[in-house]
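Data block for upload.pdb (PDB, C-alpha atoms, pLDDT in the B column):
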```pdb
ATOM      1  CA  MET A 941     132.041  51.620  57.305  1.00 88.00           C
ATOM      2  CA  SER A 942     134.799  52.729  54.948  1.00 94.00           C
ATOM      3  CA  ALA A 943     138.086  54.047  56.285  1.00 95.00           C
ATOM      4  CA  PHE A 944     137.341  57.450  54.754  1.00 96.00           C
ATOM      5  CA  ALA A 945     133.950  57.554  56.518  1.00 96.00           C
ATOM      6  CA  ARG A 946     135.723  56.943  59.836  1.00 97.00           C
ATOM      7  CA  LEU A 947     137.662  60.203  59.523  1.00 97.00           C
ATOM      8  CA  HIS A 948     136.367  63.317  61.275  1.00 97.00           C
ATOM      9  CA  PRO A 949     133.768  65.102  59.083  1.00 97.00           C
ATOM     10  CA  ALA A 950     135.844  68.306  58.857  1.00 96.00           C
ATOM     11  CA  LEU A 951     138.819  66.347  57.571  1.00 96.00           C
ATOM     12  CA  GLN A 952     136.628  64.455  55.097  1.00 97.00           C
ATOM     13  CA  HIS A 953     135.274  67.776  53.829  1.00 97.00           C
ATOM     14  CA  HIS A 954     138.741  69.219  53.235  1.00 96.00           C
ATOM     15  CA  ILE A 955     140.149  66.088  51.615  1.00 96.00           C
ATOM     16  CA  VAL A 956     137.375  66.253  49.036  1.00 96.00           C
ATOM     17  CA  ASN A 957     136.753  69.984  48.688  1.00 97.00           C
ATOM     18  CA  SER A 958     140.049  71.682  49.531  1.00 96.00           C
ATOM     19  CA  LEU A 959     142.476  69.050  48.268  1.00 94.00           C
ATOM     20  CA  GLY A 960     140.203  67.909  45.435  1.00 96.00           C
ATOM     21  CA  TRP A 961     140.769  64.208  46.083  1.00 95.00           C
ATOM     22  CA  ARG A 962     138.221  61.772  44.712  1.00 92.00           C
ATOM     23  CA  ASP A 963     139.542  58.856  46.758  1.00 91.00           C
ATOM     24  CA  ILE A 964     142.278  57.878  49.162  1.00 95.00           C
ATOM     25  CA  ARG A 965     145.032  55.378  48.368  1.00 95.00           C
ATOM     26  CA  PRO A 966     145.047  51.780  49.604  1.00 95.00           C
ATOM     27  CA  VAL A 967     147.929  52.444  52.032  1.00 96.00           C
ATOM     28  CA  GLN A 968     145.895  55.296  53.516  1.00 96.00           C
ATOM     29  CA  THR A 969     142.805  53.106  53.864  1.00 96.00           C
ATOM     30  CA  LEU A 970     144.823  50.446  55.653  1.00 96.00           C
ATOM     31  CA  SER A 971     146.531  52.907  57.983  1.00 96.00           C
ATOM     32  CA  ILE A 972     143.328  54.774  58.874  1.00 96.00           C
ATOM     33  CA  ASP A 973     141.574  51.560  59.872  1.00 96.00           C
ATOM     34  CA  ALA A 974     144.583  50.196  61.753  1.00 96.00           C
ATOM     35  CA  TYR A 975     145.297  53.447  63.638  1.00 95.00           C
ATOM     36  CA  LEU A 976     141.684  54.079  64.566  1.00 95.00           C
ATOM     37  CA  ASN A 977     141.489  50.477  65.789  1.00 95.00           C
ATOM     38  CA  GLY A 978     144.392  51.196  68.149  1.00 95.00           C
ATOM     39  CA  ALA A 979     147.273  49.554  66.289  1.00 95.00           C
ATOM     40  CA  ASN A 980     150.871  50.708  66.270  1.00 93.00           C
ATOM     41  CA  LEU A 981     152.009  51.227  62.693  1.00 92.00           C
ATOM     42  CA  VAL A 982     154.985  51.136  60.399  1.00 92.00           C
ATOM     43  CA  ILE A 983     153.851  52.423  57.010  1.00 93.00           C
ATOM     44  CA  LEU A 984     155.661  51.234  53.897  1.00 91.00           C
ATOM     45  CA  ALA A 985     154.922  52.505  50.401  1.00 92.00           C
ATOM     46  CA  PRO A 986     156.907  53.662  47.376  1.00 91.00           C
ATOM     47  CA  THR A 987     158.132  57.232  47.033  1.00 88.00           C
ATOM     48  CA  ALA A 988     155.098  59.497  46.477  1.00 87.00           C
ATOM     49  CA  GLY A 989     152.875  56.617  47.580  1.00 90.00           C
ATOM     50  CA  GLY A 990     150.908  58.604  50.165  1.00 91.00           C
ATOM     51  CA  LYS A 991     152.783  57.682  53.363  1.00 92.00           C
ATOM     52  CA  THR A 992     152.638  61.155  54.904  1.00 91.00           C
ATOM     53  CA  GLU A 993     148.864  61.314  54.518  1.00 94.00           C
ATOM     54  CA  ALA A 994     148.553  57.674  55.625  1.00 95.00           C
ATOM     55  CA  ALA A 995     150.240  58.652  58.876  1.00 93.00           C
ATOM     56  CA  PHE A 996     148.726  62.076  59.471  1.00 93.00           C
ATOM     57  CA  PHE A 997     145.106  61.791  58.322  1.00 96.00           C
ATOM     58  CA  PRO A 998     144.111  59.384  61.108  1.00 96.00           C
ATOM     59  CA  ILE A 999     146.101  61.409  63.656  1.00 94.00           C
ATOM     60  CA  LEU A1000     144.421  64.648  62.544  1.00 94.00           C
ATOM     61  CA  SER A1001     141.068  62.902  62.717  1.00 96.00           C
ATOM     62  CA  GLN A1002     141.639  61.733  66.277  1.00 95.00           C
ATOM     63  CA  MET A1003     142.979  65.170  67.209  1.00 94.00           C
ATOM     64  CA  LEU A1004     139.671  66.702  66.080  1.00 95.00           C
ATOM     65  CA  THR A1005     137.420  63.973  67.471  1.00 95.00           C
ATOM     66  CA  ASP A1006     139.040  63.990  70.903  1.00 95.00           C
ATOM     67  CA  SER A1007     139.613  67.795  70.982  1.00 93.00           C
ATOM     68  CA  TRP A1008     143.339  67.534  71.675  1.00 91.00           C
ATOM     69  CA  ALA A1009     144.763  70.831  72.877  1.00 87.00           C
ATOM     70  CA  GLY A1010     148.282  72.186  73.071  1.00 84.00           C
ATOM     71  CA  PHE A1011     151.361  70.375  71.803  1.00 83.00           C
ATOM     72  CA  THR A1012     150.013  66.923  70.941  1.00 84.00           C
ATOM     73  CA  VAL A1013     151.964  65.361  68.056  1.00 83.00           C
ATOM     74  CA  LEU A1014     155.699  65.012  67.561  1.00 79.00           C
ATOM     75  CA  TYR A1015     156.965  63.759  64.205  1.00 78.00           C
ATOM     76  CA  VAL A1016     160.612  62.737  64.034  1.00 78.00           C
ATOM     77  CA  SER A1017     162.182  62.619  60.592  1.00 76.00           C
ATOM     78  CA  PRO A1018     165.426  60.833  59.778  1.00 79.00           C
ATOM     79  CA  ILE A1019     166.692  63.665  57.563  1.00 78.00           C
ATOM     80  CA  ARG A1020     166.138  67.428  57.346  1.00 78.00           C
ATOM     81  CA  ALA A1021     165.418  67.356  53.625  1.00 78.00           C
ATOM     82  CA  LEU A1022     162.467  65.028  54.175  1.00 80.00           C
ATOM     83  CA  LEU A1023     161.145  67.154  57.011  1.00 79.00           C
ATOM     84  CA  ASN A1024     161.469  70.305  54.910  1.00 79.00           C
ATOM     85  CA  ASN A1025     159.708  68.579  52.014  1.00 81.00           C
ATOM     86  CA  GLN A1026     156.801  67.473  54.194  1.00 85.00           C
ATOM     87  CA  GLN A1027     156.406  70.688  56.162  1.00 86.00           C
ATOM     88  CA  ASP A1028     154.474  72.642  53.518  1.00 87.00           C
ATOM     89  CA  ARG A1029     151.975  69.798  53.021  1.00 89.00           C
ATOM     90  CA  LEU A1030     151.578  69.156  56.735  1.00 90.00           C
ATOM     91  CA  ALA A1031     151.160  72.852  57.489  1.00 90.00           C
ATOM     92  CA  ARG A1032     148.379  73.014  54.892  1.00 93.00           C
ATOM     93  CA  TYR A1033     146.600  69.930  56.263  1.00 94.00           C
ATOM     94  CA  PHE A1034     146.763  71.259  59.803  1.00 91.00           C
ATOM     95  CA  ARG A1035     145.565  74.751  58.755  1.00 93.00           C
ATOM     96  CA  LEU A1036     142.612  73.266  56.894  1.00 94.00           C
ATOM     97  CA  VAL A1037     141.262  71.866  60.157  1.00 93.00           C
ATOM     98  CA  GLY A1038     142.140  74.892  62.288  1.00 91.00           C
ATOM     99  CA  ARG A1039     145.416  73.635  63.747  1.00 91.00           C
ATOM    100  CA  ARG A1040     149.014  74.608  63.234  1.00 86.00           C
ATOM    101  CA  SER A1041     152.303  72.826  62.798  1.00 83.00           C
ATOM    102  CA  ALA A1042     155.934  73.853  63.070  1.00 77.00           C
ATOM    103  CA  CYS A1043     159.194  72.570  61.657  1.00 73.00           C
ATOM    104  CA  TRP A1044     162.133  72.508  64.051  1.00 72.00           C
ATOM    105  CA  HIS A1045     165.660  71.321  63.258  1.00 68.00           C
ATOM    106  CA  GLY A1046     169.204  72.646  63.334  1.00 72.00           C
ATOM    107  CA  ASP A1047     168.647  74.959  60.351  1.00 70.00           C
ATOM    108  CA  THR A1048     165.377  76.439  61.639  1.00 68.00           C
ATOM    109  CA  PRO A1049     165.918  80.174  62.317  1.00 68.00           C
ATOM    110  CA  GLN A1050     165.725  81.205  65.959  1.00 73.00           C
ATOM    111  CA  SER A1051     162.853  83.574  65.138  1.00 73.00           C
ATOM    112  CA  GLU A1052     160.726  80.612  63.976  1.00 69.00           C
ATOM    113  CA  LYS A1053     161.689  78.545  67.019  1.00 64.00           C
ATOM    114  CA  SER A1054     160.668  81.405  69.316  1.00 68.00           C
ATOM    115  CA  ALA A1055     157.296  81.699  67.552  1.00 65.00           C
ATOM    116  CA  SER A1056     156.510  77.982  67.992  1.00 62.00           C
TER     117      SER A1056
END
```
Please rewrite the model in this file as structure tokens.
Amino acid sequence: MSAFARLHPALQHHIVNSLGWRDIRPVQTLSIDAYLNGANLVILAPTAGGKTEAAFFPILSQMLTDSWAGFTVLYVSPIRALLNNQQDRLARYFRLVGRRSACWHGDTPQSEKSAS
């Protein structure tokens, strides 16, 4: 079974139909298989190489498959700029499958922190 086929059907649907992807990248294939097989991962790829999706697609898939509820994933970023850059993409991916995400760091307005 391909790594893509191992993802939750709702996530597969949105990768193809909402994101318009024809395929996933090799680093994503490797990370999906490794994560879903229970491995701990460190994902290395060039800038714009698909690392965020390599990390979050298998997590989102498991979240849907196992019906995780409440606060279930914490992503720690080494710098605010990276977190801010990823937030829009991650928020979209989570919304596509009926979940939500929030960005929280020192520059996050109190109103957003209170809403999270």
Fill in the blank from the handout: Here CA of Ala994 (chain A) and CA of Gln968 (chain A) stand apart by 4.1 Å
Exercise for the section: Could you tell me which of A:Gly960, A:Pro949, A:Gly1038, A:Pro966 comes closest to Ala1009 (chain A) if we count all atoms listed in the file? Expected result: A:Gly1038
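Here CA of Leu981 (chain A) is placed at a distance of 12.9 Å from CA of Thr969 (chain A).
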Could you work out an axis-aligned bounding box for all listed atoms of region 941-946 of chain A, with 4 Å added on each of the six sides, and give its centre and edge lengths in Å to one decimal, as AutoDock Vina command-line options?
```
--center_x 135.1 --center_y 54.6 --center_z 57.3 --size_x 14.0 --size_y 13.9 --size_z 13.1
```
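Proximity of A:Val967, A:Asn957, A:Ser1017, A:Leu947 to Pro986 (chain A), computed with all atoms listed in the file, is greatest for A:Val967.
Counting from CA of Arg965 (chain A), the distance to CA of Glu993 (chain A) is 9.4 Å.
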